[in-house]
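Quick look at target07.txt (compact mmCIF, C-alpha atoms):
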# COMPACT_ATOMS: atom_id res chain seq x y z
CA GLY K 1231 322.44 228.61 109.79
CA GLU K 1232 318.95 228.03 111.02
CA GLN K 1233 317.19 225.03 109.58
CA VAL K 1234 313.75 223.57 109.32
CA GLU K 1235 313.64 219.80 109.13
CA GLN K 1236 310.71 218.31 107.26
CA LEU K 1237 309.74 214.66 107.25
CA PRO K 1238 308.97 212.47 105.50
CA SER K 1239 310.39 213.36 102.11
CA ILE K 1240 307.90 211.05 100.40
CA LEU K 1241 304.53 210.00 101.76
CA ARG K 1242 302.18 207.53 100.14
CA VAL K 1243 298.69 207.20 101.56
CA GLN K 1244 295.48 205.54 100.45
CA GLU K 1245 292.76 207.82 99.15
CA GLY K 1246 290.40 208.67 101.95
CA SER K 1247 292.92 208.18 104.72
CA SER K 1248 294.85 210.89 106.59
CA ALA K 1249 298.30 212.22 105.80
CA SER K 1250 300.65 213.85 108.29
CA ILE K 1251 303.78 215.88 107.64
CA ASN K 1252 306.05 216.98 110.43
CA CYS K 1253 308.47 219.89 110.71
CA SER K 1254 310.83 220.98 113.42
CA TYR K 1255 312.62 224.29 113.80
CA GLU K 1256 315.55 225.54 115.80
CA ASP K 1257 314.84 229.07 116.89
CA SER K 1258 312.37 229.63 119.69
CA ALA K 1259 311.84 233.18 118.37
CA SER K 1260 310.17 231.91 115.19
CA ASN K 1261 306.55 233.02 115.29
CA TYR K 1262 305.02 232.31 111.89
CA PHE K 1263 304.63 228.89 110.29
CA PRO K 1264 303.09 228.66 106.82
CA TRP K 1265 302.48 225.62 104.66
CA TYR K 1266 302.68 225.81 100.89
CA LYS K 1267 301.45 223.31 98.32
CA GLN K 1268 303.17 223.03 94.97
CA GLU K 1269 301.64 220.98 92.17
CA PRO K 1270 303.83 219.79 89.28
CA GLY K 1271 304.80 222.68 87.04
CA GLU K 1272 303.01 225.17 89.26
CA ASN K 1273 304.11 227.78 91.77
CA PRO K 1274 303.89 227.21 95.52
CA LYS K 1275 300.61 228.39 97.03
CA LEU K 1276 299.82 229.03 100.68
CA ILE K 1277 297.27 226.55 101.99
CA ILE K 1278 297.31 227.24 105.70
CA ASP K 1279 299.43 229.06 108.25
CA ILE K 1280 299.64 229.40 112.00
CA ARG K 1281 301.17 232.00 114.26
CA SER K 1282 302.77 231.41 117.60
CA ASN K 1283 299.75 232.63 119.56
CA MET K 1284 297.83 229.54 118.44
CA GLU K 1285 298.29 225.81 118.97
CA ARG K 1286 295.81 224.53 116.41
CA LYS K 1287 294.20 225.79 113.25
CA GLN K 1288 291.84 224.07 110.86
CA ILE K 1289 290.66 225.01 107.39
CA GLN K 1290 288.32 222.36 106.02
CA GLU K 1291 290.36 219.15 105.74
CA LEU K 1292 293.65 220.82 106.73
CA ILE K 1293 294.79 220.88 110.34
CA VAL K 1294 297.97 222.51 111.60
CA LEU K 1295 299.32 221.84 115.06
CA LEU K 1296 302.05 223.88 116.73
CA ASP K 1297 304.05 222.73 119.75
CA LYS K 1298 306.25 225.67 120.70
CA LYS K 1299 307.86 223.85 123.59
CA ALA K 1300 309.08 221.04 121.34
CA LYS K 1301 309.62 223.45 118.43
CA ARG K 1302 307.54 221.29 116.15
CA PHE K 1303 304.61 221.88 113.86
CA SER K 1304 302.68 219.55 111.67
CA LEU K 1305 300.18 219.43 108.83
CA HIS K 1306 297.41 216.89 108.81
CA ILE K 1307 295.22 216.30 105.78
CA THR K 1308 292.10 214.34 106.57
CA ASP K 1309 290.12 212.34 103.98
CA THR K 1310 292.80 212.71 101.30
CA GLN K 1311 291.76 213.04 97.67
CA PRO K 1312 293.72 212.64 94.41
CA GLY K 1313 293.95 216.41 94.15
CA ASP K 1314 296.00 216.45 97.34
CA SER K 1315 298.90 214.80 95.52
CA ALA K 1316 301.63 217.47 95.40
CA MET K 1317 304.77 218.74 97.08
CA TYR K 1318 304.21 220.33 100.45
CA PHE K 1319 306.65 222.77 102.05
CA CYS K 1320 306.68 224.00 105.61
CA ALA K 1321 308.49 227.14 106.69
CA ALA K 1322 309.28 229.05 109.84
CA SER K 1323 309.96 232.74 110.19
CA ALA K 1324 313.64 233.49 110.72
CA SER K 1325 314.81 234.85 114.02
CA GLY K 1326 315.10 238.60 114.06
CA SER K 1327 313.31 238.93 110.76
CA ASN K 1328 309.73 239.85 109.99
CA TYR K 1329 309.97 238.69 106.41
CA GLN K 1330 312.46 235.92 105.86
CA LEU K 1331 311.29 232.32 105.96
CA ILE K 1332 313.39 229.23 106.54
CA TRP K 1333 311.99 226.49 104.35
CA GLY K 1334 311.73 222.77 104.87
CA SER K 1335 312.97 220.49 102.12
CA GLY K 1336 309.52 219.42 101.04
CA THR K 1337 307.32 216.33 101.18
CA LYS K 1338 306.03 214.63 98.08
CA LEU K 1339 302.55 213.39 98.92
CA ILE K 1340 301.20 210.63 96.71
CA ILE K 1341 297.56 209.62 97.08
CA LYS K 1342 296.97 206.03 96.00
CA PRO K 1343 293.56 205.28 94.50
CA ASN V 665 294.23 240.34 89.64
CA ALA V 666 296.68 238.48 87.41
CA GLY V 667 298.92 237.49 90.27
CA VAL V 668 302.69 237.76 90.15
CA ILE V 669 303.86 237.72 86.55
CA GLN V 670 307.25 236.35 85.61
CA THR V 671 308.83 236.39 82.20
CA PRO V 672 310.12 234.49 80.39
CA ARG V 673 308.74 231.13 81.54
CA HIS V 674 311.73 229.34 80.08
CA LYS V 675 315.17 230.60 79.19
CA VAL V 676 318.06 228.70 77.74
CA THR V 677 321.48 230.30 77.70
CA GLY V 678 324.95 229.20 76.81
CA LYS V 679 327.63 229.10 79.44
CA GLY V 680 329.06 232.58 79.93
CA GLN V 681 326.04 234.44 78.60
CA GLU V 682 323.90 236.86 80.54
CA ALA V 683 320.34 236.14 81.66
CA THR V 684 317.78 238.71 82.80
CA LEU V 685 314.63 237.57 84.51
CA TRP V 686 311.60 239.81 85.01
CA CYS V 687 308.96 239.99 87.68
CA GLU V 688 305.83 242.07 88.02
CA PRO V 689 304.50 241.88 91.58
CA ILE V 690 300.86 242.09 92.53
CA SER V 691 299.70 245.69 92.50
CA GLY V 692 299.75 247.15 95.98
CA HIS V 693 302.23 244.65 97.36
CA SER V 694 305.23 246.41 98.82
CA ALA V 695 307.43 243.38 99.45
CA VAL V 696 309.13 241.50 96.61
CA PHE V 697 311.25 238.39 96.98
CA TRP V 698 313.40 236.32 94.67
CA TYR V 699 313.93 232.62 95.35
CA ARG V 700 315.76 229.86 93.53
CA GLN V 701 314.36 226.33 93.49
CA THR V 702 316.25 223.16 92.64
CA ILE V 703 315.65 219.52 93.43
CA VAL V 704 318.84 219.33 95.47
CA GLN V 705 318.73 222.63 97.39
CA GLY V 706 314.99 223.17 97.56
CA LEU V 707 313.79 226.74 97.98
CA GLU V 708 316.64 229.18 98.50
CA PHE V 709 316.09 232.81 99.42
CA LEU V 710 318.01 235.19 97.19
CA THR V 711 316.94 238.75 97.87
CA TYR V 712 314.16 240.99 99.22
CA PHE V 713 312.88 244.46 98.37
CA ARG V 714 310.54 246.56 100.44
CA ASN V 715 308.94 249.60 98.82
CA GLN V 716 311.48 249.17 96.01
CA ALA V 717 314.44 249.46 98.37
CA PRO V 718 316.85 246.53 98.62
CA ILE V 719 316.64 245.22 102.17
CA ASP V 720 318.40 241.90 102.19
CA ASP V 721 320.49 240.26 99.48
CA SER V 722 322.19 237.78 101.75
CA GLY V 723 321.17 234.86 99.57
CA MET V 724 322.59 236.25 96.36
CA PRO V 725 325.83 234.80 95.01
CA LYS V 726 327.91 237.94 95.18
CA GLU V 727 329.88 237.93 92.01
CA ARG V 728 327.47 237.35 89.16
CA PHE V 729 323.98 237.93 90.51
CA SER V 730 322.26 241.29 90.86
CA ALA V 731 318.68 242.37 91.41
CA GLN V 732 316.97 245.68 90.96
CA MET V 733 313.55 247.18 91.45
CA PRO V 734 313.45 250.40 89.49
CA ASN V 735 309.75 250.97 90.12
CA GLN V 736 306.93 249.41 92.10
CA SER V 737 305.67 247.42 89.14
CA HIS V 738 308.71 245.38 88.27
CA SER V 739 311.89 243.80 89.47
CA THR V 740 314.71 242.16 87.56
CA LEU V 741 317.21 239.48 88.45
CA LYS V 742 320.33 239.53 86.31
CA ILE V 743 322.84 236.72 86.15
CA GLN V 744 326.10 237.51 84.39
CA SER V 745 328.36 234.88 82.91
CA THR V 746 325.87 232.10 83.57
CA GLN V 747 327.19 228.74 84.64
CA PRO V 748 325.53 225.30 84.45
CA GLN V 749 325.06 225.32 88.23
CA ASP V 750 322.82 228.38 87.84
CA SER V 751 320.23 226.15 86.15
CA ALA V 752 317.13 226.29 88.34
CA VAL V 753 313.63 227.66 88.58
CA TYR V 754 313.76 231.26 89.73
CA LEU V 755 310.65 232.28 91.62
CA CYS V 756 309.52 235.79 92.34
CA ALA V 757 307.02 236.38 95.13
CA SER V 758 305.27 239.41 96.51
CA SER V 759 303.38 240.12 99.69
CA GLN V 760 301.66 242.87 101.52
CA ASP V 761 303.85 244.32 104.19
CA TRP V 762 302.20 245.38 107.40
CA GLY V 763 305.54 246.48 108.74
CA GLY V 764 305.83 244.04 111.52
CA ARG V 765 305.20 240.48 110.58
CA ALA V 766 305.57 237.93 107.85
CA GLU V 767 302.66 237.71 105.47
CA THR V 768 301.45 235.37 102.75
CA LEU V 769 303.80 235.05 99.83
CA TYR V 770 302.22 235.00 96.37
CA PHE V 771 304.56 233.27 93.97
CA GLY V 772 304.83 233.75 90.26
CA SER V 773 304.99 230.79 87.91
CA GLY V 774 308.76 231.04 87.82
CA THR V 775 311.39 231.20 85.14
CA ARG V 776 313.11 227.93 84.36
CA LEU V 777 316.68 228.79 83.48
CA THR V 778 318.76 226.20 81.70
CA VAL V 779 322.45 226.91 81.15
CA LEU V 780 324.02 224.65 78.59

Hey, can you dump this file as structure tokens for me?
Amino acid sequence: GEQVEQLPSILRVQEGSSASINCSYEDSASNYFPWYKQEPGENPKLIIDIRSNMERKQIQELIVLLDKKAKRFSLHITDTQPGDSAMYFCAASASGSNYQLIWGSGTKLIIKP
Amino acid sequence: NAGVIQTPRHKVTGKGQEATLWCEPISGHSAVFWYRQTIVQGLEFLTYFRNQAPIDDSGMPKERFSAQMPNQSHSTLKIQSTQPQDSAVYLCASSQDWGGRAETLYFGSGTRLTVL
């Protein structure tokens, strides 16, 4: 079936530096790409999303880039803080569906003090 | 707004027993999803309801899993004859449904099911 590949699985960065997580998808018909953050013992929460009519979106320290040609999208967190330590999941809307998401396997982000 | 409410938070069952998980979606949300989360498999889609009607259960193991949404304020996921491999966190999520595109999913806190 369709897959979303997410890399890296673990990412360690120094506090204050930037962190980047990359995802690739298979179906060119995918048009919605959300990112969810899940802290230990908590439920996943949407932090930012982008639709296929955009190439870039920024909310405060979060930047999402979408390259439809390469079928890749990425999350960049600038000026990382300890509170950014969490699991991050990317997802892409499934072809032919307006509701189903194909999820990446997650990235554990660790912010080193 | 209390968000999506799932009960119980933790459930321990013996192998072969039945487990029923409950979900109360956010009021006004017409789309309800069930997911299963494990370390190995990640987030797996199980089933989806829209306006209480079952739309897609393609992710549900056919033989022992069933889901219902008898009214707009709650949904249940029932697992019969539980097996150790059913151990996971079961997440319910709801979203508004504008009838044409994927929208933000609001997840509940999940039910951690442990089958001994």

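In terms of minimum interatomic distance to Gln760 (chain V), K:Tyr1329 ranks closest within K:Ser1254, K:Leu1237, K:Asn1273, K:Tyr1329, counting only C-alpha atoms.
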
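Proximity of V:Gly692, V:Gly774, V:Pro718, V:Pro725 to Gln749 (chain V), computed with all atoms listed in the file, is greatest for V:Pro725.
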
How many Å lie between CA of Ile1293 (chain K) and CA of Ile1341 (chain K), rounded to one decimal?
17.6 Å

Compute the set of chain V residues within 9 Å of chain K, using all atoms listed in the file, and express it as a list in words.
Ala695, Val704, Gln705, Gly706, Leu707, Glu708, Phe709, Tyr712, Leu755, Asp761, Gly763, Gly764, Arg765, Ala766, Glu767, Thr768, Leu769, Tyr770, Phe771, Gly772, Ser773 and Gly774 of chain V

Skip Ser1258 (chain K) itself and residues of its chain fewer than 2 positions away, then list as a ChimeraX atom specification all residues within 9 Å of it, counting only C-alpha atoms.
/K:1255-1256,1260-1261,1298-1299,1301,1325

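Put simply, CA of Lys1342 (chain K) is 12.8 Å away from CA of Ile1240 (chain K).
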